[in-house]
Each structure stands twice: as structure tokens, then as C-alpha cells.
>>> print(open('run30.csv').read())   # CSV, C-alpha atoms and all ligand atoms
chain,number,residue,atom,x,y,z
A,1,MET,CA,57.0,50.2,-82.0
A,2,GLU,CA,54.1,52.4,-81.0
A,3,HIS,CA,54.3,54.1,-84.3
A,4,SER,CA,54.2,51.0,-86.4
A,5,ALA,CA,51.4,49.5,-84.3
A,6,ALA,CA,49.3,52.6,-85.1
A,7,ARG,CA,50.1,52.3,-88.8
A,8,TYR,CA,49.3,48.6,-88.7
A,9,HIS,CA,45.9,49.2,-87.2
A,10,ARG,CA,45.1,52.1,-89.5
A,11,LEU,CA,45.8,49.9,-92.5
A,12,GLN,CA,43.7,47.0,-91.0
A,13,LEU,CA,40.8,49.3,-90.4
A,14,ALA,CA,41.0,50.8,-93.9
A,15,LEU,CA,41.1,47.3,-95.5
A,16,SER,CA,38.2,46.1,-93.3
A,17,VAL,CA,36.0,49.0,-94.3
A,18,LEU,CA,36.9,48.5,-97.9
A,19,ALA,CA,36.0,44.7,-97.7
A,20,LEU,CA,32.7,45.6,-96.0
A,21,VAL,CA,31.8,48.2,-98.6
A,22,LEU,CA,32.8,45.8,-101.5
A,23,GLY,CA,30.9,42.9,-99.9
A,24,ALA,CA,27.7,45.0,-99.4
A,25,GLY,CA,28.1,46.3,-102.9
A,26,TRP,CA,28.1,42.8,-104.3
A,27,LEU,CA,25.0,41.8,-102.3
A,28,LEU,CA,23.2,44.9,-103.5
A,29,ALA,CA,24.3,44.5,-107.1
A,30,MET,CA,23.1,40.8,-107.1
A,31,THR,CA,19.7,42.0,-105.8
A,32,LEU,CA,19.2,45.1,-108.0
A,33,THR,CA,20.6,43.8,-111.3
A,34,ALA,CA,18.4,40.7,-111.1
A,35,VAL,CA,21.5,38.4,-111.1
A,36,ALA,CA,20.0,36.7,-108.1
A,37,ARG,CA,16.7,36.3,-109.9
A,38,LEU,CA,18.5,34.8,-112.9
A,39,VAL,CA,20.4,32.3,-110.7
A,40,ALA,CA,17.2,31.3,-108.9
A,41,GLU,CA,15.4,30.8,-112.3
A,42,LEU,CA,18.3,28.7,-113.6
A,43,ALA,CA,18.2,26.5,-110.4
A,44,MET,CA,14.5,26.0,-110.8
A,45,THR,CA,15.0,24.5,-114.2
A,46,VAL,CA,16.5,21.5,-112.4
A,47,THR,CA,13.8,21.1,-109.7
A,48,ASP,CA,11.4,23.7,-108.3
A,49,ARG,CA,12.0,22.6,-104.7
A,50,LEU,CA,12.7,25.6,-102.5
A,51,TRP,CA,15.7,24.1,-100.7
A,52,TRP,CA,17.5,23.6,-104.0
A,53,ALA,CA,17.1,27.2,-105.3
A,54,VAL,CA,18.1,28.5,-101.8
A,55,LEU,CA,21.2,26.3,-102.0
A,56,VAL,CA,22.2,27.5,-105.5
A,57,VAL,CA,21.6,31.2,-104.9
A,58,SER,CA,23.4,31.0,-101.5
A,59,ALA,CA,26.4,29.3,-103.1
A,60,ALA,CA,26.5,31.8,-105.9
A,61,THR,CA,26.2,34.7,-103.5
A,62,SER,CA,28.9,33.4,-101.1
A,63,ILE,CA,31.4,32.3,-103.9
A,64,GLY,CA,31.1,35.7,-105.6
A,65,HIS,CA,31.6,37.5,-102.3
A,66,THR,CA,34.6,35.4,-101.4
A,67,VAL,CA,36.3,35.8,-104.8
A,68,LEU,CA,35.6,39.6,-104.9
A,69,THR,CA,37.0,40.2,-101.4
A,70,ALA,CA,39.8,37.6,-101.7
A,71,PRO,CA,42.6,40.2,-102.4
A,72,LEU,CA,41.5,42.2,-99.4
A,73,THR,CA,41.3,39.0,-97.2
A,74,ILE,CA,44.9,38.1,-98.3
A,75,ALA,CA,46.1,41.6,-97.6
A,76,ARG,CA,44.4,41.8,-94.2
A,77,SER,CA,45.1,38.3,-92.8
A,78,TYR,CA,48.2,37.2,-94.5
A,79,TRP,CA,50.3,39.9,-96.2
A,80,LEU,CA,49.9,42.7,-93.5
A,81,PRO,CA,50.5,40.5,-90.4
A,82,ARG,CA,53.5,38.9,-92.1
A,83,ARG,CA,54.9,42.3,-93.1
A,84,TYR,CA,54.6,43.5,-89.5
A,85,GLY,CA,56.2,40.3,-88.1
A,86,LEU,CA,53.1,38.9,-86.4
A,87,LEU,CA,52.6,35.9,-88.7
A,88,HIS,CA,55.2,33.5,-89.9
A,89,GLN,CA,52.9,30.8,-91.4
A,90,ARG,CA,53.6,29.9,-95.0
A,91,LEU,CA,51.0,30.9,-97.7
A,92,ALA,CA,49.9,27.2,-98.3
A,93,ALA,CA,49.4,26.5,-94.6
A,94,TRP,CA,47.6,29.8,-94.1
A,95,ALA,CA,45.4,29.1,-97.2
A,96,PHE,CA,44.6,25.6,-95.9
A,97,ASP,CA,43.5,27.1,-92.5
A,98,ARG,CA,41.3,29.5,-94.4
A,99,LEU,CA,39.8,26.8,-96.5
A,100,LYS,CA,38.9,24.7,-93.5
A,101,ALA,CA,37.3,27.7,-91.8
A,102,ALA,CA,35.4,28.5,-95.0
A,103,ALA,CA,34.2,24.9,-95.4
A,104,LEU,CA,33.0,24.8,-91.8
A,105,GLY,CA,31.5,28.2,-91.9
A,106,GLY,CA,29.9,27.6,-95.3
A,107,LEU,CA,28.3,24.3,-94.1
A,108,VAL,CA,26.9,25.8,-90.9
A,109,GLY,CA,25.7,28.9,-92.8
A,110,LEU,CA,24.0,26.8,-95.4
A,111,ILE,CA,22.1,24.7,-92.8
A,112,VAL,CA,21.0,27.9,-91.0
A,113,ILE,CA,19.8,29.6,-94.2
A,114,GLU,CA,18.0,26.5,-95.4
A,115,VAL,CA,16.1,26.2,-92.1
A,116,ILE,CA,15.3,29.9,-92.0
A,117,TYR,CA,13.9,29.8,-95.6
A,118,ALA,CA,11.9,26.6,-94.9
A,119,VAL,CA,10.3,28.3,-91.9
A,120,MET,CA,9.8,31.6,-93.8
A,121,ALA,CA,7.8,29.8,-96.4
A,122,ARG,CA,5.5,28.4,-93.8
A,123,THR,CA,4.8,31.0,-91.2
A,124,PRO,CA,4.9,34.8,-90.7
A,125,ALA,CA,6.4,34.1,-87.3
A,126,TRP,CA,9.5,32.8,-89.0
A,127,TRP,CA,11.7,35.3,-87.2
A,128,ILE,CA,11.0,33.7,-83.8
A,129,PHE,CA,12.1,30.3,-85.0
A,130,ALA,CA,15.1,31.7,-86.8
A,131,ALA,CA,16.3,33.5,-83.7
A,132,ALA,CA,15.8,30.4,-81.6
A,133,PHE,CA,17.5,28.2,-84.2
A,134,VAL,CA,20.5,30.5,-84.5
A,135,ALA,CA,20.8,30.7,-80.7
A,136,THR,CA,20.8,26.9,-80.5
A,137,VAL,CA,23.4,26.5,-83.2
A,138,SER,CA,25.6,29.1,-81.5
A,139,LEU,CA,25.3,27.4,-78.2
A,140,LEU,CA,26.1,24.0,-79.7
A,141,GLY,CA,29.1,25.6,-81.5
A,142,ALA,CA,30.4,27.0,-78.2
A,143,VAL,CA,30.0,23.6,-76.5
A,144,VAL,CA,32.0,21.7,-79.1
A,145,PHE,CA,34.4,24.6,-79.9
A,146,PRO,CA,37.3,23.4,-77.7
A,147,VAL,CA,36.9,19.7,-78.5
A,148,TRP,CA,36.0,19.6,-82.2
A,149,ILE,CA,36.8,23.0,-83.7
A,150,VAL,CA,40.1,24.1,-82.1
A,151,PRO,CA,41.7,20.7,-83.0
A,152,LEU,CA,41.0,21.4,-86.7
A,153,PHE,CA,43.5,24.3,-86.5
A,154,TYR,CA,45.8,23.5,-83.7
A,155,THR,CA,47.4,20.6,-81.8
A,156,LEU,CA,46.1,20.7,-78.3
A,157,THR,CA,48.2,19.4,-75.4
A,158,PRO,CA,47.3,19.4,-71.7
A,159,LEU,CA,49.5,21.7,-69.6
A,160,ARG,CA,52.4,19.6,-68.5
A,161,ASP,CA,54.2,22.2,-66.5
A,162,ALA,CA,53.7,20.8,-63.0
A,163,ALA,CA,54.7,24.0,-61.1
A,164,LEU,CA,52.3,26.0,-63.1
A,165,ALA,CA,49.5,23.5,-62.7
A,166,GLU,CA,50.1,23.6,-59.0
A,167,ARG,CA,49.9,27.4,-59.0
A,168,LEU,CA,46.7,27.3,-60.9
A,169,GLU,CA,45.2,24.9,-58.4
A,170,LYS,CA,46.1,27.2,-55.5
A,171,LEU,CA,44.8,30.1,-57.4
A,172,ALA,CA,41.5,28.4,-58.1
A,173,ARG,CA,41.2,27.4,-54.4
A,174,ARG,CA,41.9,30.9,-53.3
A,175,ALA,CA,39.3,32.2,-55.8
A,176,GLY,CA,36.7,29.7,-54.7
A,177,VAL,CA,36.2,28.4,-58.2
A,178,PRO,CA,36.6,24.8,-59.5
A,179,VAL,CA,39.9,24.1,-61.1
A,180,LEU,CA,39.6,24.1,-64.9
A,181,GLY,CA,41.7,22.0,-67.2
A,182,VAL,CA,44.4,24.0,-69.0
A,183,TRP,CA,45.2,23.1,-72.6
A,184,LEU,CA,48.0,24.5,-74.8
A,185,VAL,CA,47.6,25.2,-78.5
A,186,ASP,CA,50.6,25.5,-80.7
A,187,GLN,CA,50.2,29.1,-81.9
A,188,SER,CA,54.0,29.4,-82.1
A,189,ARG,CA,53.8,27.4,-85.3
A,190,LYS,CA,51.8,30.2,-86.9
A,191,SER,CA,52.3,33.4,-85.2
A,192,ARG,CA,54.0,35.3,-82.3
A,193,THR,CA,50.8,36.6,-80.8
A,194,LEU,CA,49.7,35.9,-77.2
A,195,ASN,CA,46.2,34.9,-76.1
A,196,ALA,CA,44.2,32.9,-73.7
A,197,ALA,CA,40.5,32.1,-73.3
A,198,VAL,CA,37.9,30.1,-71.3
A,199,ALA,CA,36.1,28.0,-73.8
A,200,GLY,CA,33.3,25.4,-73.8
A,201,PHE,CA,30.4,24.7,-71.6
A,202,GLY,CA,29.8,22.0,-68.9
A,203,ARG,CA,32.2,19.2,-69.5
A,204,THR,CA,34.0,20.8,-72.4
A,205,ARG,CA,34.8,23.9,-70.3
A,206,ARG,CA,38.5,24.6,-70.1
A,207,ILE,CA,41.2,27.3,-70.3
A,208,ILE,CA,43.0,27.4,-73.6
A,209,LEU,CA,46.5,29.0,-73.6
A,210,PHE,CA,48.6,29.9,-76.6
A,211,ASP,CA,52.0,28.2,-76.1
A,212,THR,CA,53.5,31.6,-77.0
A,213,LEU,CA,52.4,32.8,-73.5
A,214,LEU,CA,54.6,30.2,-71.8
A,215,GLU,CA,57.5,31.1,-74.1
A,216,ARG,CA,57.2,34.9,-73.6
A,217,LEU,CA,55.8,35.4,-70.0
A,218,GLY,CA,57.3,34.5,-66.7
A,219,PRO,CA,55.4,32.3,-64.2
A,220,ASP,CA,53.9,35.2,-62.3
A,221,GLU,CA,52.7,36.8,-65.5
A,222,VAL,CA,51.1,33.6,-66.7
A,223,GLU,CA,49.5,33.3,-63.3
A,224,SER,CA,47.9,36.7,-63.8
A,225,VAL,CA,46.5,35.6,-67.2
A,226,LEU,CA,45.1,32.4,-65.7
A,227,ALA,CA,43.6,34.4,-62.9
A,228,HIS,CA,41.9,36.7,-65.4
A,229,GLU,CA,40.5,33.6,-67.2
A,230,LEU,CA,39.3,32.1,-63.9
A,231,GLY,CA,37.5,35.4,-63.3
A,232,HIS,CA,35.5,34.9,-66.5
A,233,HIS,CA,34.5,31.4,-65.2
A,234,ALA,CA,33.7,32.7,-61.7
A,235,HIS,CA,31.5,35.4,-63.1
A,236,HIS,CA,29.7,33.1,-65.5
A,237,ASP,CA,30.6,35.4,-68.4
A,238,MET,CA,30.0,32.8,-71.1
A,239,TRP,CA,26.4,32.5,-70.0
A,240,ARG,CA,25.9,36.2,-69.8
A,241,MET,CA,27.2,36.5,-73.4
A,242,VAL,CA,24.8,33.7,-74.5
A,243,VAL,CA,21.8,35.6,-73.0
A,244,ILE,CA,22.9,38.9,-74.6
A,245,GLN,CA,23.5,37.3,-78.0
A,246,THR,CA,20.2,35.5,-77.9
A,247,ALA,CA,18.2,38.6,-77.0
A,248,LEU,CA,20.1,40.5,-79.7
A,249,GLY,CA,19.3,37.7,-82.1
A,250,PHE,CA,15.5,38.0,-81.5
A,251,ALA,CA,15.7,41.8,-81.9
A,252,THR,CA,17.7,41.4,-85.1
A,253,PHE,CA,15.3,38.9,-86.7
A,254,TRP,CA,12.3,40.9,-85.7
A,255,VAL,CA,13.6,44.1,-87.3
A,256,ALA,CA,14.8,42.1,-90.3
A,257,ASP,CA,11.2,40.8,-90.7
A,258,GLN,CA,9.8,44.3,-90.7
A,259,LEU,CA,12.5,45.5,-93.2
A,260,LEU,CA,12.1,42.5,-95.5
A,261,ARG,CA,8.3,42.8,-95.6
A,262,ALA,CA,8.6,46.5,-96.4
A,263,THR,CA,11.1,46.0,-99.2
A,264,ALA,CA,10.2,42.6,-100.8
A,265,GLY,CA,7.7,44.2,-103.2
A,266,PRO,CA,9.8,47.2,-104.4
A,267,ILE,CA,12.8,45.0,-105.1
A,268,GLY,CA,10.7,42.5,-107.1
A,269,LEU,CA,10.5,39.5,-104.7
A,270,ARG,CA,7.4,37.4,-105.1
A,271,ASN,CA,7.2,36.6,-101.4
A,272,LEU,CA,9.4,36.7,-98.3
A,273,ALA,CA,10.8,33.2,-99.0
A,274,ASP,CA,11.6,33.9,-102.6
A,275,PRO,CA,15.1,32.4,-103.1
A,276,ALA,CA,16.1,35.3,-105.3
A,277,GLY,CA,16.0,37.4,-102.1
A,278,VAL,CA,18.9,35.5,-100.4
A,279,PRO,CA,21.5,38.2,-101.1
A,280,TRP,CA,19.1,40.9,-99.9
A,281,PHE,CA,18.4,38.8,-96.8
A,282,ALA,CA,22.2,38.5,-96.2
A,283,LEU,CA,22.6,42.3,-96.6
A,284,VAL,CA,19.8,43.1,-94.1
A,285,ILE,CA,21.0,40.6,-91.5
A,286,GLY,CA,24.6,41.7,-92.0
A,287,ALA,CA,23.8,45.4,-91.6
A,288,LEU,CA,21.7,44.7,-88.5
A,289,GLY,CA,24.6,42.6,-87.1
A,290,LEU,CA,26.9,45.5,-87.5
A,291,VAL,CA,24.6,47.7,-85.5
A,292,GLY,CA,24.7,45.1,-82.7
A,293,ILE,CA,28.5,45.0,-82.5
A,294,PRO,CA,29.0,48.2,-80.3
A,295,LEU,CA,26.4,46.9,-77.8
A,296,VAL,CA,28.1,43.5,-77.5
A,297,ASN,CA,31.5,45.2,-77.2
A,298,TRP,CA,30.3,47.6,-74.5
A,299,HIS,CA,29.2,44.5,-72.5
A,300,SER,CA,32.4,42.7,-73.3
A,301,ARG,CA,34.6,45.5,-72.1
A,302,ALA,CA,32.7,45.6,-68.7
A,303,VAL,CA,33.1,41.9,-68.4
A,304,GLU,CA,36.9,42.2,-69.2
A,305,ARG,CA,37.4,44.9,-66.6
A,306,ARG,CA,35.8,42.7,-64.0
A,307,ALA,CA,38.0,39.8,-64.9
A,308,ASP,CA,41.0,42.0,-64.6
A,309,ASP,CA,39.8,43.2,-61.1
A,310,PHE,CA,39.3,39.6,-60.2
A,311,ALA,CA,42.8,38.6,-61.3
A,312,LEU,CA,44.3,41.5,-59.3
A,313,SER,CA,42.5,40.7,-56.1
A,314,VAL,CA,43.2,36.9,-56.3
A,315,THR,CA,46.9,37.2,-57.2
A,316,GLY,CA,47.5,40.5,-55.3
A,317,ASP,CA,50.3,41.0,-57.8
A,318,ALA,CA,49.6,44.1,-59.9
A,319,GLY,CA,53.2,44.2,-61.0
A,320,ALA,CA,52.9,40.8,-62.7
A,321,PHE,CA,49.6,41.8,-64.3
A,322,ILE,CA,51.0,45.1,-65.7
A,323,SER,CA,54.1,43.4,-67.1
A,324,ALA,CA,51.9,40.7,-68.7
A,325,MET,CA,49.9,43.5,-70.3
A,326,GLU,CA,53.1,45.2,-71.5
A,327,ARG,CA,54.2,41.9,-73.2
A,328,LEU,CA,50.8,41.3,-74.7
A,329,ALA,CA,50.8,44.8,-76.2
A,330,GLU,CA,54.3,44.3,-77.6
A,331,GLN,CA,53.8,40.8,-79.0
A,332,ASN,CA,50.4,41.4,-80.5
A,333,LEU,CA,51.3,44.8,-81.8
A,334,ALA,CA,48.3,46.1,-79.9
A,335,GLU,CA,47.0,49.6,-80.3
A,336,ARG,CA,47.8,50.8,-76.8
A,337,HIS,CA,45.7,53.9,-76.9
A,338,PRO,CA,43.2,53.7,-79.8
A,339,PRO,CA,41.0,56.7,-80.6
A,340,ARG,CA,38.0,56.9,-78.2
A,341,TRP,CA,35.4,56.2,-81.0
A,342,LYS,CA,37.2,53.2,-82.2
A,343,GLU,CA,37.5,51.6,-78.7
A,344,THR,CA,33.8,52.4,-78.0
A,345,LEU,CA,32.5,50.9,-81.3
A,346,LEU,CA,35.0,48.1,-82.1
A,347,SER,CA,36.9,46.9,-79.1
A,348,SER,CA,35.9,43.8,-77.1
A,349,HIS,CA,38.6,44.6,-74.5
A,350,PRO,CA,39.6,47.9,-72.9
A,351,SER,CA,42.8,49.2,-74.5
A,352,VAL,CA,46.1,48.0,-72.9
A,353,ASP,CA,46.8,51.5,-71.5
A,354,ARG,CA,43.4,51.6,-69.9
A,355,ARG,CA,43.9,48.1,-68.3
A,356,ILE,CA,47.3,49.1,-67.0
A,357,GLY,CA,46.0,52.4,-65.7
A,358,ARG,CA,43.1,50.6,-63.9
A,359,ALA,CA,45.6,48.2,-62.3
A,360,ARG,CA,47.8,51.0,-61.1
A,361,ARG,CA,44.9,52.9,-59.6
A,362,ARG,CA,43.8,49.8,-57.8
A,363,VAL,CA,47.2,49.4,-56.2
A,364,ALA,CA,47.3,53.0,-55.2
A,365,SER,CA,43.9,52.9,-53.5
A,366,ALA,CA,44.2,49.4,-52.0
A,367,PRO,CA,44.2,49.1,-48.2
A,368,ARG,CA,47.6,48.0,-47.0
A,369,ALA,CA,46.2,45.7,-44.3
A,370,SER,CA,47.1,42.5,-46.2
A,371,GLU,CA,50.8,43.2,-45.8
A,372,SER,CA,50.6,42.4,-42.1
A,373,GLU,CA,49.1,39.0,-42.6
B,401,ZN,ZN,39.1,38.1,-70.8
>>> encode(input="run30.csv", output="C-alpha cells", more="lines below")
Ligand SMILES: [Zn+2]
Amino acid sequence: MEHSAARYHRLQLALSVLALVLGAGWLLAMTLTAVARLVAELAMTVTDRLWWAVLVVSAATSIGHTVLTAPLTIARSYWLPRRYGLLHQRLAAWAFDRLKAAALGGLVGLIVIEVIYAVMARTPAWWIFAAAFVATVSLLGAVVFPVWIVPLFYTLTPLRDAALAERLEKLARRAGVPVLGVWLVDQSRKSRTLNAAVAGFGRTRRIILFDTLLERLGPDEVESVLAHELGHHAHHDMWRMVVIQTALGFATFWVADQLLRATAGPIGLRNLADPAGVPWFALVIGALGLVGIPLVNWHSRAVERRADDFALSVTGDAGAFISAMERLAEQNLAERHPPRWKETLLSSHPSVDRRIGRARRRVASAPRASESE
């Protein structure tokens, strides 16, 4: 098992790097071979409005990118997970999910880029507006995520298991946090993987559980997972992430402004808001986004460790936590002990072995006083 998990993750990494290189190559080629210029000129024969040229160049850029990387996307997210027994969705259903995600992502992406170019054409301080707008869109997305976006891909049902709901209530009371609604999504229709998350803000805030968790874990193990999610809620981790992402967004757009100003002339753009620069803009933002990933992951791993600690102290059941982790690793074909560099740069969670190790150490060092209560 361990062996095939390592191979699976090695292949996934290789395919991801390949897709990244290919995608960047496409953006660079569009910029340097003047294909982007040609598309922009063609668009402007219809009307010389900026929004129209930005739309046409963005569509050409993104369609070309999608087509070019399609074989790698299919290999990474369909063929490989199926081959390793993670996914059992049929090709048509899988493709329909991808299509919905692409339509949604494309629409939001288009709105964002149109707004950015409109501001870029008006003020040199465009990057401040761009960062603020992207932060607002992300926050709105997070608010509506559990109520509008998840239902596009899953059927959501409230947790009906009365015994489990009662345990959750007790858990929340013990933890001193308000009880969150728990909703199940029908992941079992698509895949065997296990997952859970706190999603939404304010009134949309809730815990989302894959139904596979209830199928594969015992009640004590599910309780550990719920306690971990309550930990995120108790620590206001969603808000922390919003603050970090927003700060990173401002830094990203400021650096992008500097880079775009320095490079616009040499690559033949007439001004910053020249629609022929859309692929170049995408490449710069994409590259800067990559640089930010290790930082976000470093924060995320710290947050996950704290949620694990929270779960362990609320349930007091390290055994259940550890066996839940074991199942998670097995069902998700997790890389239990990834190379250090990979975990540091790419992992949003500490590796399973590390999480189990931490739980064991906590048990070993915990005071035994509670046993006499
Ligand atoms: Zn977590």
C-alpha cells in the first residue's frame, strides 16, 4: 500500500509540474510570438472597446491553455485516480463536473480580469483596487460556497444520525463553541476518499462531511474528525486565512505592478492595460501566486496542528484520533511520510505520520490527573 501511494504521488507531482511548464510555455508563446497581439487586433475590428478585446484575448488564452493541458488534466484527475482505485466516477459524469467547474471558474475569472483591466486603464494605483476586489470576490465565494457551490457538485443532506448529532452537541458544549450544523455530501457516488471541512461564514457556516467518513469510520473516530473541525471554528481559522490571503494579494499585485511596468515596453505592449498583454499578465500573476503557496501552506500546517491538539484535548481520545488518521491515510492513499521539501512547500496539512506522532507524544506527556475524575 505504502509503495503504491508513493508511486501515485510521484506520478501526480510529475504530471502537475509538466502541466505547469506547458501552461507557462503557452502564455509565454502567446506573448512573444505576437499571437496575443493578433487576437487583440482582430477583436478590435469589431469594436475598439477595451472590455471586448480583453474578453476575446482572455477567452483565446484560456481555451488554448485548457486544450493544451487537457491530456494532462485527464491523466491527473481521472485516469490516475481511477487506476489507483480512488475514483469510480464514469468519464461522462467526471467530465460534466469539470465542465461545471470550468464554467464557474471561467465566469468569475472573466469578471475579475475585466474589472482589473478597466481600473488599470484609469489609474496607476490599479493594484490596490485589484487586490481589494479579488479579496472581496474570494470572501463572497467563501460565504456562498456551502450553499451555492457545493450543491452544484453534490447532494447535501443534514446529518440524520441522532446519536452522532448528540455527541457533536456534547462535544461543542465541552469545547465552549456554538454547535455548527453538520451536512453530508455524497462523495461515495464519486470516490472512496474521506474528508471534512468547516465551510461558510456567518449564517452559512457549517461542517461538511463526506458520507464516506460515516461508512468507513466508527463513531469515536468520526467524533475526532468533528472535534478537529470544531477546533478550526473555535480558533477562527477561516478569518485568519482571509487576512493572510488578503495581505498576500496586496503584495502580489504590488509586485506584479512593478514587473508589468518594467516589462511592458520590451515585450511590445502599448501601455499597461493593452489587451494583448493578458497572457503576460496571467503568467506574472500565476508565477507570483506560486511563490505565495509555501507561505500559505506553512500557516495552514500550523493551524491544522492546533486543530488536532484541540480535538485531542476535547475528546481525550488519542486512540480514536490515531485510528481515524490511519483510515484517512489508507482510503485517500495519502503520502504518509513525504520528502521534507515536498511537505514544506506543497502540503496544507502535516503528513499523517507527523500528525499521529504528535498525538502519541501528547498522550505520553499528558498529566494523568483526569483519570481520577
Ligand atoms: Zn483541518
>>> residues_around(input="run30.csv", residues="segment 119-128 of chain A", least_positions_apart="4", cutoff="10 Å", atoms="all atoms listed in the file", output="list in words")
Leu50, Ile113, Glu114, Val115, Ala132, Phe133, Gly249, Phe250, Ala251, Thr252, Phe253, Trp254, Val255, Ala256, Asp257, Gln258, Arg261, Asn271, Leu272, Ala273 and Asp274 of chain A
>>> write_last_selection(input="run30.csv", atoms="C-alpha atoms", output="tab-separated table (two decimals), in the frame of the given file")
chain	number	residue	atom	x	y	z
A	50	LEU	CA	12.70	25.60	-102.50
A	113	ILE	CA	19.80	29.60	-94.20
A	114	GLU	CA	18.00	26.50	-95.40
A	115	VAL	CA	16.10	26.20	-92.10
A	132	ALA	CA	15.80	30.40	-81.60
A	133	PHE	CA	17.50	28.20	-84.20
A	249	GLY	CA	19.30	37.70	-82.10
A	250	PHE	CA	15.50	38.00	-81.50
A	251	ALA	CA	15.70	41.80	-81.90
A	252	THR	CA	17.70	41.40	-85.10
A	253	PHE	CA	15.30	38.90	-86.70
A	254	TRP	CA	12.30	40.90	-85.70
A	255	VAL	CA	13.60	44.10	-87.30
A	256	ALA	CA	14.80	42.10	-90.30
A	257	ASP	CA	11.20	40.80	-90.70
A	258	GLN	CA	9.80	44.30	-90.70
A	261	ARG	CA	8.30	42.80	-95.60
A	271	ASN	CA	7.20	36.60	-101.40
A	272	LEU	CA	9.40	36.70	-98.30
A	273	ALA	CA	10.80	33.20	-99.00
A	274	ASP	CA	11.60	33.90	-102.60
>>> residues_near_point(input="run30.csv", point="(22.1, 30.1, -95.2)", cutoff="12 Å", atoms="all atoms listed in the file", output="PyMOL selection string")
chain A and resi 51-62+105-118+130+134+275+277-279+281-282+285
>>> write_last_selection(input="run30.csv", atoms="C-alpha atoms", output="compact mmCIF listing (two decimals), in the coordinates of the input")
# COMPACT_ATOMS: atom_id res chain seq x y z
CA TRP A 51 15.70 24.10 -100.70
CA TRP A 52 17.50 23.60 -104.00
CA ALA A 53 17.10 27.20 -105.30
CA VAL A 54 18.10 28.50 -101.80
CA LEU A 55 21.20 26.30 -102.00
CA VAL A 56 22.20 27.50 -105.50
CA VAL A 57 21.60 31.20 -104.90
CA SER A 58 23.40 31.00 -101.50
CA ALA A 59 26.40 29.30 -103.10
CA ALA A 60 26.50 31.80 -105.90
CA THR A 61 26.20 34.70 -103.50
CA SER A 62 28.90 33.40 -101.10
CA GLY A 105 31.50 28.20 -91.90
CA GLY A 106 29.90 27.60 -95.30
CA LEU A 107 28.30 24.30 -94.10
CA VAL A 108 26.90 25.80 -90.90
CA GLY A 109 25.70 28.90 -92.80
CA LEU A 110 24.00 26.80 -95.40
CA ILE A 111 22.10 24.70 -92.80
CA VAL A 112 21.00 27.90 -91.00
CA ILE A 113 19.80 29.60 -94.20
CA GLU A 114 18.00 26.50 -95.40
CA VAL A 115 16.10 26.20 -92.10
CA ILE A 116 15.30 29.90 -92.00
CA TYR A 117 13.90 29.80 -95.60
CA ALA A 118 11.90 26.60 -94.90
CA ALA A 130 15.10 31.70 -86.80
CA VAL A 134 20.50 30.50 -84.50
CA PRO A 275 15.10 32.40 -103.10
CA GLY A 277 16.00 37.40 -102.10
CA VAL A 278 18.90 35.50 -100.40
CA PRO A 279 21.50 38.20 -101.10
CA PHE A 281 18.40 38.80 -96.80
CA ALA A 282 22.20 38.50 -96.20
CA ILE A 285 21.00 40.60 -91.50
>>> closest_residue(input="run30.csv", among="A:Ala131, A:Met325, A:Ile63, A:Leu259", to="Asn195 of chain A", atoms="all atoms listed in the file")
A:Met325
>>> residues_near_ligand(input="run30.csv", ligand="ligand ZN 401 (chain B)", cutoff="9 Å", atoms="all atoms listed in the file", output="ChimeraX atom specification")
/A:196-198,225,228-229,231-232,300-301,303-308,349
>>> residues_around(input="run30.csv", residues="Trp79 of chain A", least_positions_apart="3", cutoff="12 Å", atoms="all atoms listed in the file", output="list in words")
Tyr8, Leu11, Gln12, Leu15, Pro71, Leu72, Thr73, Ile74, Ala75, Arg76, Arg82, Arg83, Tyr84, Gly85, Leu86, Leu87, His88, Gln89, Arg90, Leu91, Trp94 and Ala95 of chain A
>>> atom_distance(input="run30.csv", atom1="atom CA of Ile267 of chain A", atom2="atom CA of Leu22 of chain A")
20.3 Å
>>> residues_around(input="run30.csv", residues="Pro158 of chain A", least_positions_apart="4", cutoff="7 Å", atoms="all atoms listed in the file", output="ChimeraX atom specification")
/A:182-184
>>> closest_residue(input="run30.csv", among="A:Ala302, A:Leu194, A:Ala199, A:Met30", to="Glu330 of chain A", atoms="all atoms listed in the file")
A:Leu194
>>> atom_distance(input="run30.csv", atom1="atom CA of Val363 of chain A", atom2="atom CA of Ala163 of chain A")
26.9 Å
>>> atom_distance(input="run30.csv", atom1="atom CA of Trp26 of chain A", atom2="atom CA of Leu99 of chain A")
21.3 Å
>>> closest_residue(input="run30.csv", among="A:Leu180, A:Val284, A:Ala276, A:Asp97", to="Leu260 of chain A", atoms="all atoms listed in the file")
A:Val284
>>> closest_residue(input="run30.csv", among="A:His299, A:His233, A:Arg336, A:Arg192", to="Ser4 of chain A", atoms="all atoms listed in the file")
A:Arg336
>>> residues_near_point(input="run30.csv", point="(48.4, 26.1, -63.0)", cutoff="10 Å", atoms="all atoms listed in the file", output="mmCIF file with C-alpha atoms, in the coordinates of the input")
data_model
loop_
_atom_site.group_PDB
_atom_site.id
_atom_site.type_symbol
_atom_site.label_atom_id
_atom_site.label_comp_id
_atom_site.auth_asym_id
_atom_site.auth_seq_id
_atom_site.Cartn_x
_atom_site.Cartn_y
_atom_site.Cartn_z
ATOM 1 C CA LEU A 159 49.500 21.700 -69.600
ATOM 2 C CA ARG A 160 52.400 19.600 -68.500
ATOM 3 C CA ASP A 161 54.200 22.200 -66.500
ATOM 4 C CA ALA A 162 53.700 20.800 -63.000
ATOM 5 C CA ALA A 163 54.700 24.000 -61.100
ATOM 6 C CA LEU A 164 52.300 26.000 -63.100
ATOM 7 C CA ALA A 165 49.500 23.500 -62.700
ATOM 8 C CA GLU A 166 50.100 23.600 -59.000
ATOM 9 C CA ARG A 167 49.900 27.400 -59.000
ATOM 10 C CA LEU A 168 46.700 27.300 -60.900
ATOM 11 C CA GLU A 169 45.200 24.900 -58.400
ATOM 12 C CA LYS A 170 46.100 27.200 -55.500
ATOM 13 C CA LEU A 171 44.800 30.100 -57.400
ATOM 14 C CA ALA A 172 41.500 28.400 -58.100
ATOM 15 C CA VAL A 179 39.900 24.100 -61.100
ATOM 16 C CA LEU A 180 39.600 24.100 -64.900
ATOM 17 C CA GLY A 181 41.700 22.000 -67.200
ATOM 18 C CA VAL A 182 44.400 24.000 -69.000
ATOM 19 C CA PRO A 219 55.400 32.300 -64.200
ATOM 20 C CA VAL A 222 51.100 33.600 -66.700
ATOM 21 C CA GLU A 223 49.500 33.300 -63.300
ATOM 22 C CA LEU A 226 45.100 32.400 -65.700
ATOM 23 C CA ALA A 227 43.600 34.400 -62.900
#
>>> residues_around(input="run30.csv", residues="Gly200 of chain A", least_positions_apart="3", cutoff="12 Å", atoms="only C-alpha atoms", output="PyMOL selection string")
chain A and resi 138-150+180-181+197+203-208+233+236-239+242
>>> closest_residue(input="run30.csv", among="A:Ile322, A:Ala14, A:Ala70, A:Val177", to="Arg360 of chain A", atoms="all atoms listed in the file")
A:Ile322
